[in-house]
>>> print(open('protein.cif').read())   # mmCIF, C-alpha atoms
data_structure
loop_
_atom_site.label_atom_id
_atom_site.label_comp_id
_atom_site.auth_asym_id
_atom_site.auth_seq_id
_atom_site.Cartn_x
_atom_site.Cartn_y
_atom_site.Cartn_z
CA MET A 1 -19.60 18.42 -8.72
CA SER A 2 -18.87 18.61 -5.01
CA ALA A 3 -15.65 17.75 -3.25
CA ALA A 4 -17.38 14.97 -1.30
CA TRP A 5 -18.43 13.22 -4.49
CA LEU A 6 -14.93 13.51 -5.87
CA SER A 7 -13.26 12.11 -2.76
CA GLN A 8 -15.81 9.38 -2.02
CA VAL A 9 -16.76 8.16 -5.49
CA ALA A 10 -14.27 9.17 -8.17
CA LEU A 11 -11.02 8.80 -6.22
CA PRO A 12 -11.64 5.20 -5.05
CA TRP A 13 -12.48 4.13 -8.62
CA VAL A 14 -9.36 5.80 -10.01
CA LEU A 15 -7.16 4.21 -7.36
CA ALA A 16 -8.74 0.80 -7.92
CA SER A 17 -8.16 1.11 -11.67
CA VAL A 18 -4.50 2.01 -11.20
CA MET A 19 -3.97 -0.86 -8.75
CA MET A 20 -5.69 -3.30 -11.12
CA ALA A 21 -3.52 -2.18 -14.02
CA MET A 22 -0.37 -2.58 -11.95
CA GLY A 23 -1.45 -6.02 -10.75
CA LEU A 24 -2.16 -7.20 -14.28
CA SER A 25 1.33 -6.14 -15.38
CA LEU A 26 3.06 -8.50 -12.91
CA THR A 27 4.91 -11.47 -14.35
CA GLY A 28 6.25 -14.71 -12.96
CA ALA A 29 9.72 -13.16 -12.78
CA ASP A 30 8.40 -10.53 -10.36
CA PHE A 31 7.22 -13.22 -7.96
CA ALA A 32 10.43 -15.22 -8.38
CA ARG A 33 12.44 -12.12 -7.46
CA THR A 34 10.40 -11.82 -4.27
CA TRP A 35 11.30 -15.39 -3.27
CA ARG A 36 14.99 -14.87 -4.07
CA HIS A 37 15.21 -11.68 -1.96
CA PRO A 38 12.73 -11.98 0.94
CA TYR A 39 14.66 -9.49 3.08
CA ARG A 40 13.60 -6.70 0.71
CA VAL A 41 9.95 -7.55 1.30
CA LEU A 42 10.50 -7.69 5.06
CA LEU A 43 12.41 -4.41 5.01
CA GLY A 44 9.68 -2.64 3.04
CA THR A 45 6.93 -4.01 5.26
CA GLY A 46 8.83 -3.09 8.41
CA LEU A 47 9.51 0.45 7.21
CA GLN A 48 5.84 0.94 6.41
CA MET A 49 4.93 -0.12 9.95
CA VAL A 50 7.44 2.32 11.43
CA ALA A 51 7.31 5.30 9.07
CA LEU A 52 3.64 5.57 8.10
CA PRO A 53 1.18 7.11 10.55
CA PRO A 54 -1.59 4.94 12.00
CA PRO A 55 -5.02 5.18 10.36
CA PRO A 56 -7.53 7.53 11.98
CA GLY A 57 -9.44 5.93 14.81
CA SER A 58 -6.90 3.18 15.44
CA SER A 59 -5.91 2.26 18.97
CA ARG A 60 -2.19 2.47 18.17
CA CYS A 61 -0.94 5.79 19.54
CA TRP A 62 2.80 5.55 20.11
CA CYS A 63 3.68 9.13 19.16
CA SER A 64 1.50 11.02 21.66
CA PRO A 65 0.22 10.35 25.16
CA CYS A 66 -3.13 8.58 25.18
#
>>> encode(input="protein.cif", output="C-alpha cells")
Amino acid sequence: MSAAWLSQVALPWVLASVMMAMGLSLTGADFARTWRHPYRVLLGTGLQMVALPPPPGSSRCWCSPC
C-alpha cells in the first residue's frame, strides 16, 4: 500500500464518513442554538478566514509579497 493511495483514496473516505456521522447526529436544538446566538457563528467564520492559511494555488497572498 503506497502513501499516495492512502492520502488520495482512504483519507477522503474516512473524512467523509466522520463528517457524515457528525451531520447525522445534529438535532433541531443545535440549529435553534445557532439562530439564538448568531454572533458565535460569525466569530467562528471570521476567525477561520483570518487564522487559517489560504489553500495552495489561491490568489490570496496577504502574508508574503506577491
>>> atom_distance(input="protein.cif", atom1="CA of Val41 (chain A)", atom2="CA of Met19 (chain A)")
18.4 Å
>>> atom_distance(input="protein.cif", atom1="CA of Val9 (chain A)", atom2="CA of Leu26 (chain A)")
26.9 Å
>>> atom_distance(input="protein.cif", atom1="CA of Pro12 (chain A)", atom2="CA of Ala51 (chain A)")
23.6 Å
>>> decode(input="protein.cif", residues="region 24-42 of chain A", atoms="N, CA and C atoms", output="PDB file, in the first residue's frame")
ATOM      1  N   LEU A  24     -25.275  13.568  10.887  1.00  0.00           N
ATOM      2  CA  LEU A  24     -26.466  12.805  11.261  1.00  0.00           C
ATOM      3  C   LEU A  24     -26.793  12.914  12.742  1.00  0.00           C
ATOM      4  N   SER A  25     -25.821  13.329  13.548  1.00  0.00           N
ATOM      5  CA  SER A  25     -26.067  13.454  14.986  1.00  0.00           C
ATOM      6  C   SER A  25     -26.651  14.811  15.370  1.00  0.00           C
ATOM      7  N   LEU A  26     -26.785  15.738  14.413  1.00  0.00           N
ATOM      8  CA  LEU A  26     -27.349  17.048  14.720  1.00  0.00           C
ATOM      9  C   LEU A  26     -28.843  16.929  15.011  1.00  0.00           C
ATOM     10  N   THR A  27     -29.299  17.789  15.911  1.00  0.00           N
ATOM     11  CA  THR A  27     -30.720  17.815  16.257  1.00  0.00           C
ATOM     12  C   THR A  27     -31.283  19.205  15.984  1.00  0.00           C
ATOM     13  N   GLY A  28     -32.573  19.335  16.129  1.00  0.00           N
ATOM     14  CA  GLY A  28     -33.217  20.634  15.957  1.00  0.00           C
ATOM     15  C   GLY A  28     -32.718  21.662  16.963  1.00  0.00           C
ATOM     16  N   ALA A  29     -32.388  21.213  18.157  1.00  0.00           N
ATOM     17  CA  ALA A  29     -31.867  22.126  19.184  1.00  0.00           C
ATOM     18  C   ALA A  29     -30.531  22.736  18.766  1.00  0.00           C
ATOM     19  N   ASP A  30     -29.727  21.984  18.026  1.00  0.00           N
ATOM     20  CA  ASP A  30     -28.448  22.520  17.548  1.00  0.00           C
ATOM     21  C   ASP A  30     -28.673  23.686  16.589  1.00  0.00           C
ATOM     22  N   PHE A  31     -29.640  23.553  15.707  1.00  0.00           N
ATOM     23  CA  PHE A  31     -29.935  24.630  14.763  1.00  0.00           C
ATOM     24  C   PHE A  31     -30.610  25.810  15.461  1.00  0.00           C
ATOM     25  N   ALA A  32     -31.438  25.538  16.437  1.00  0.00           N
ATOM     26  CA  ALA A  32     -32.079  26.620  17.199  1.00  0.00           C
ATOM     27  C   ALA A  32     -31.023  27.421  17.960  1.00  0.00           C
ATOM     28  N   ARG A  33     -30.032  26.757  18.502  1.00  0.00           N
ATOM     29  CA  ARG A  33     -28.950  27.443  19.213  1.00  0.00           C
ATOM     30  C   ARG A  33     -28.190  28.366  18.273  1.00  0.00           C
ATOM     31  N   THR A  34     -28.034  27.956  17.028  1.00  0.00           N
ATOM     32  CA  THR A  34     -27.342  28.793  16.045  1.00  0.00           C
ATOM     33  C   THR A  34     -28.125  30.066  15.775  1.00  0.00           C
ATOM     34  N   TRP A  35     -29.451  29.976  15.717  1.00  0.00           N
ATOM     35  CA  TRP A  35     -30.277  31.165  15.474  1.00  0.00           C
ATOM     36  C   TRP A  35     -30.330  32.077  16.693  1.00  0.00           C
ATOM     37  N   ARG A  36     -30.233  31.501  17.892  1.00  0.00           N
ATOM     38  CA  ARG A  36     -30.267  32.326  19.105  1.00  0.00           C
ATOM     39  C   ARG A  36     -28.956  33.072  19.321  1.00  0.00           C
ATOM     40  N   HIS A  37     -27.843  32.520  18.846  1.00  0.00           N
ATOM     41  CA  HIS A  37     -26.518  33.113  19.058  1.00  0.00           C
ATOM     42  C   HIS A  37     -25.765  33.232  17.726  1.00  0.00           C
ATOM     43  N   PRO A  38     -26.225  34.102  16.828  1.00  0.00           N
ATOM     44  CA  PRO A  38     -25.563  34.188  15.514  1.00  0.00           C
ATOM     45  C   PRO A  38     -24.151  34.766  15.591  1.00  0.00           C
ATOM     46  N   TYR A  39     -23.849  35.539  16.635  1.00  0.00           N
ATOM     47  CA  TYR A  39     -22.516  36.124  16.729  1.00  0.00           C
ATOM     48  C   TYR A  39     -21.446  35.041  16.899  1.00  0.00           C
ATOM     49  N   ARG A  40     -21.802  33.916  17.489  1.00  0.00           N
ATOM     50  CA  ARG A  40     -20.833  32.824  17.624  1.00  0.00           C
ATOM     51  C   ARG A  40     -20.474  32.240  16.257  1.00  0.00           C
ATOM     52  N   VAL A  41     -21.477  32.128  15.404  1.00  0.00           N
ATOM     53  CA  VAL A  41     -21.228  31.620  14.048  1.00  0.00           C
ATOM     54  C   VAL A  41     -20.367  32.617  13.277  1.00  0.00           C
ATOM     55  N   LEU A  42     -20.689  33.899  13.391  1.00  0.00           N
ATOM     56  CA  LEU A  42     -19.909  34.924  12.702  1.00  0.00           C
ATOM     57  C   LEU A  42     -18.481  34.995  13.235  1.00  0.00           C
TER      58      LEU A  42
END
